[in-house]
Number of protein chains: 2
Amino acid sequence: MAERSQVVVVGGGFGGLACARALARANVDITLIDRQNHHLFQPLLYQVAMAGLAPSEIAAPIRSVVRKQANIRVLLGEVTNIDLAAHTVSYEPAGAPLHYDYLVLAPGARTHYFGHDEWELYAPGLKSIDDAVEIRRRVLLAFETAEREPDPEKRAQLLSFVVIGGGPTGVEVAGAIAELSRFALGRDFRVARPSESRVLLIEAGPRVLAGFDPALSEKAVLQLAELGVHVRTGTFVEGITAHGVRLRTGELLRADTIVWAAGVASSPLIAALNVNVDRQGRAMVDSDCSLPGHSEAFVIGDAACFVDKRGNTLPGVSPTAMQMGRYVAHVISDEVGNPTPPARTAFQYVDKGSMATIGRSRAIAQVQDLHLSGFLAWLAWLAVHIWYLIGFRNRLLVLFDWAWSYLTYRRGARLITGGRLHAGPPVSQAPGVGTGAKGARQGALGVRAAPR
Amino acid sequence: MAERSQVVVVGGGFGGLACARALARANVDITLIDRQNHHLFQPLLYQVAMAGLAPSEIAAPIRSVVRKQANIRVLLGEVTNIDLAAHTVSYEPAGAPLHYDYLVLAPGARTHYFGHDEWELYAPGLKSIDDAVEIRRRVLLAFETAEREPDPEKRAQLLSFVVIGGGPTGVEVAGAIAELSRFALGRDFRVARPSESRVLLIEAGPRVLAGFDPALSEKAVLQLAELGVHVRTGTFVEGITAHGVRLRTGELLRADTIVWAAGVASSPLIAALNVNVDRQGRAMVDSDCSLPGHSEAFVIGDAACFVDKRGNTLPGVSPTAMQMGRYVAHVISDEVGNPTPPARTAFQYVDKGSMATIGRSRAIAQVQDLHLSGFLAWLAWLAVHIWYLIGFRNRLLVLFDWAWSYLTYRRGARLITGGRLHAGPPVSQAPGVGTGAKGARQGALGVRAAPR
């Protein structure tokens, strides 16, 4: 076994998994380590938060995904240290450090509060299954508490929702909350009425979905308005409490339920490497995705800052991560066991377009010069997302669930679990909840928020 | 509105829900209060614990179930006090006490440790979605931890599972763990092997499934043995720690994962009523399911001890609860607005038979004199359980999931959520986890365990 090259892949998101799978025929032993046992289809995570899908419909055990690949070993563990000089990766629960010949770092991004970590308690982010279940709990409990509340003013406060950050995630969440409150409140509740509900989407930049063409941003705002979402751009957050958001202007937006979709930063693993990083903490990588001076150590996906020939930074979306993963796998395959390996050619990103969904049958999509909005864009969005869902079973289940929701407006996964019966944030919270370092897609398409 | 009778139903399990629905045409206003927002199909809860089904596949929001019924209001809240003299029900989060003309108490049962509440930390029971997700987490983490463990002896300890209690729940859980470890370990794991896994089912009484015919109990033991489950009867538990079970004989059964399926007791709401109760804390009810001296206050389902004409106590299973619920609804319907109400006829339980499943294509069933075991019994079990699952959508989804698991042996819901990466019980635990007072079915078909 000693002559086989050892590849350690950190992170089982889109990038890490794509790399590991593309190495199936290479003469290497792969160890894939992740602190979750499941690969998460993050683009649909907001659907779990909004009770449209069950967690298991958008997540698959990493072991199952790679079960047929003989040269891979999956470890559940949290990487605690990477020694670039010694070529070792340490992890917890304590095991012998992993030695590598090639290292592929794909730890993803985490929610970032711009130095205001105390906001997390009141405005959870959306990066992991646990985050999504927590947001689902809060939204559903807000409805339930409003149903018990005789005072219309308090009811309005309970039924007010603020989403911070106008990137794809923020737009999706705001649209989905509006739909959920309109239909669920209209049918299942007796006291709380849809007309009492209010959804506000705030964005620090001049427009939402800044990564898209300005005309599409405008169409998205119109579609959000149809659902009853109020969009406020150029709006900076200065404080967040259990009962609302304070703006830089001094205005207070009263709301018991707040979702943070404004900021992401790279995994803390990158900061610990002592390499050059960009403003978001992503590692600056060479044209072959490797760290400068460490041609055997690659960083891919949301944790990497890749600047292309035209000086653009690649967006932190799943296609970037997957393309990088497959590229790195090819580089490694070409080199192992090859006494005269070819020179590495630079990674080339192929932009296949981007899309954002706004609600049931509403979306925008942009593929090169083709711009779509409305129902057609939504169909395209649906097709792409179901197609890319890992695993045949999940695809069918999700399709079934969606067809069902579409026809009936019912939400199948409307469960409140975890015990508390009060709306709003818990009094105390376990440390670290919601700061998951794993995951692939971030709302990096131009999402901005109050820089303080 | 004052002339309409007020009915308060406590608990949205099988009994409470059946009663509320059967009152749809009665001239009453119903308030159904539950501390969970969902009705739980408890007979399939073990499938969630064993990663076969997702929580939302066996639970439905109570509001959705009764959405079309105009005379019902659903409240999410925990009942804190019942004043039988004043006819009021108080609940939290604080609201005005509910006044009732008729009270239907259906709070269900909870896990009971025979005075050893400290065992809960090491051997969780299986009564709520949160319980099931916790057991799922422990079982899956045991596999993951074993995969990282180089020492075969420690691996064997990690892959040893003890299920305490040989009633239907214990048998189902033990069979499902054995199946899960055989197939999941055989396919997805590289280091941990199925041959290292051991599942032990212990029962204090002389045989498992004591509610069934002795010949069927024996067949169940044979079917369990085929799956690799060792059954030990006449075995009394004296202590439980993080690493095993100590028996009364002094023997120590080493296992890191322990499930408690041995004892249930009635909800604490019943104890607070100051009425006559049986050994399990269930309220002794009259032949019309009402509390002696309180003809307007009924107790149904697992919280009631109903002794029939032949002196038998009715079993704590969902058919009992549903039949009681519908019976009480008829009594109330006959009386409201009727100046000369008919005398109440006694509740008559119709035994439709009972069944227990042991694993994929293994079960036993007993309907009057008809005794089945093996594949045919399993088909009958499957048909009955899917048929009774609340909600068309869930039925289809579950059928789909099962067909998929059956054909592929894969488990769709194999997610570890909640953050910790160590196997075994958490170091500290929120108080009250696993002591849910809600739910309908208990393993009361003759389940016994160490009485101390």
# chains A, B, ... in the order shown; residues from 1 in each chain; ligands from 1
>>> select_by_dssp(residues="segment 160-372 of chain A", states="alpha helix (DSSP H)", output="PyMOL selection string")
chain A and resi 168-188+214-227+268-271+318-335
>>> interface_residues(of="chain A", to="chain B", cutoff="6 Å", atoms="only C-alpha atoms", output="ChimeraX atom specification")
/A:56,63,67,188,413
>>> residues_around(residues="Lys219 of chain A", least_positions_apart="5", cutoff="9 Å", atoms="only C-alpha atoms", output="PyMOL selection string")
chain A and resi 214+224+364+373-374
>>> write_last_selection(atoms="N, CA and C atoms", output="PDB file, in the first residue's frame")
ATOM      1  N   PRO A 214     -29.401  44.028 -14.001  1.00  0.00           N
ATOM      2  CA  PRO A 214     -30.301  44.941 -13.265  1.00  0.00           C
ATOM      3  C   PRO A 214     -31.775  44.764 -13.633  1.00  0.00           C
ATOM      4  N   LEU A 224     -41.531  39.584  -5.929  1.00  0.00           N
ATOM      5  CA  LEU A 224     -41.600  39.576  -4.466  1.00  0.00           C
ATOM      6  C   LEU A 224     -42.803  40.387  -3.989  1.00  0.00           C
ATOM      7  N   ILE A 364     -36.040  33.972 -11.418  1.00  0.00           N
ATOM      8  CA  ILE A 364     -35.319  34.625 -12.502  1.00  0.00           C
ATOM      9  C   ILE A 364     -34.141  33.727 -12.871  1.00  0.00           C
ATOM     10  N   SER A 373     -37.661  35.299 -16.677  1.00  0.00           N
ATOM     11  CA  SER A 373     -38.267  35.531 -15.362  1.00  0.00           C
ATOM     12  C   SER A 373     -39.665  34.942 -15.359  1.00  0.00           C
ATOM     13  N   GLY A 374     -40.207  34.739 -14.140  1.00  0.00           N
ATOM     14  CA  GLY A 374     -41.565  34.211 -14.016  1.00  0.00           C
ATOM     15  C   GLY A 374     -41.622  32.694 -14.083  1.00  0.00           C
TER      16      GLY A 374
END
>>> closest_residue(among="A:Val285, A:Ile33, A:Ala363, A:Ala303", to="Pro168 of chain A", atoms="only C-alpha atoms")
A:Ala363
>>> select_by_dssp(residues="segment 34-232 of chain B", states="strand (DSSP E)", output="PyMOL selection string")
chain B and resi 34+38-40+59-61+72-76+78-83+88-92+98-99+102-105+109-111+160-164+198-202+229-232
>>> residues_around(residues="Gly337 of chain A", least_positions_apart="6", cutoff="10 Å", atoms="only C-alpha atoms", output="list in words")
Glu3, Arg4, Ser5, Ala26, Asn27 and Val28 of chain A
>>> residues_around(residues="Ile135 of chain B", least_positions_apart="2", cutoff="10 Å", atoms="only C-alpha atoms", output="list in words")
Tyr46, Val48, Ala49, Met50, Ala51, Ala123, Pro124, Gly125, Leu126, Ile129, Asp130, Asp131, Ala132, Val133, Arg137, Arg138, Val139, Leu140, Leu141, Thr257, Ile258, Val259, Gly424 and Pro425 of chain B
>>> write_last_selection(atoms="C-alpha atoms", output="mmCIF file, in the first residue's frame")
data_model
loop_
_atom_site.group_PDB
_atom_site.id
_atom_site.type_symbol
_atom_site.label_atom_id
_atom_site.label_comp_id
_atom_site.auth_asym_id
_atom_site.auth_seq_id
_atom_site.Cartn_x
_atom_site.Cartn_y
_atom_site.Cartn_z
ATOM 1 C CA TYR B 46 -39.274 3.079 15.659
ATOM 2 C CA VAL B 48 -37.636 7.065 12.439
ATOM 3 C CA ALA B 49 -35.287 5.912 15.185
ATOM 4 C CA MET B 50 -33.868 3.356 12.741
ATOM 5 C CA ALA B 51 -33.457 5.851 9.888
ATOM 6 C CA ALA B 123 -31.196 4.477 27.768
ATOM 7 C CA PRO B 124 -33.627 6.842 26.062
ATOM 8 C CA GLY B 125 -37.217 5.775 25.536
ATOM 9 C CA LEU B 126 -39.175 6.121 22.333
ATOM 10 C CA ILE B 129 -40.019 12.599 17.387
ATOM 11 C CA ASP B 130 -37.234 14.106 19.482
ATOM 12 C CA ASP B 131 -36.703 10.743 21.202
ATOM 13 C CA ALA B 132 -36.553 8.973 17.841
ATOM 14 C CA VAL B 133 -34.056 11.453 16.381
ATOM 15 C CA ARG B 137 -28.224 9.804 16.272
ATOM 16 C CA ARG B 138 -26.804 7.380 18.852
ATOM 17 C CA VAL B 139 -27.102 4.304 16.674
ATOM 18 C CA LEU B 140 -25.581 5.975 13.609
ATOM 19 C CA LEU B 141 -22.818 7.582 15.663
ATOM 20 C CA THR B 257 -26.006 2.091 22.952
ATOM 21 C CA ILE B 258 -29.026 1.172 25.022
ATOM 22 C CA VAL B 259 -32.694 1.684 24.245
ATOM 23 C CA GLY B 424 -23.044 7.387 23.473
ATOM 24 C CA PRO B 425 -25.080 9.696 25.646
#
>>> residues_around(residues="Ala261 of chain B", least_positions_apart="3", cutoff="6 Å", atoms="only C-alpha atoms", output="compact mmCIF listing (two decimals) with C-alpha atoms, in the first residue's frame")
# COMPACT_ATOMS: atom_id res chain seq x y z
CA GLY B 125 -37.22 5.78 25.54
CA ILE B 164 -34.63 -3.39 27.30
CA GLY B 165 -38.23 -4.61 27.17
CA GLY B 170 -38.66 -3.55 21.98
>>> residues_around(residues="segment 9-13 of chain B", least_positions_apart="3", cutoff="7 Å", atoms="only C-alpha atoms", output="list in words")
Gly16, Leu17, Thr31, Leu32, Ile33, Asp34, His39, Leu40, Ile62, Leu103, Val104, Leu105, Ala106, Pro107, Lys438, Gly439 and Ala440 of chain B
>>> atom_distance(atom1="atom CA of Ala343 of chain B", atom2="atom CA of Val89 of chain B")
27.0 Å
>>> closest_residue(among="A:Ile358, A:Val398, A:Val336, A:Leu273", to="Ala176 of chain A", atoms="only C-alpha atoms")
A:Ile358
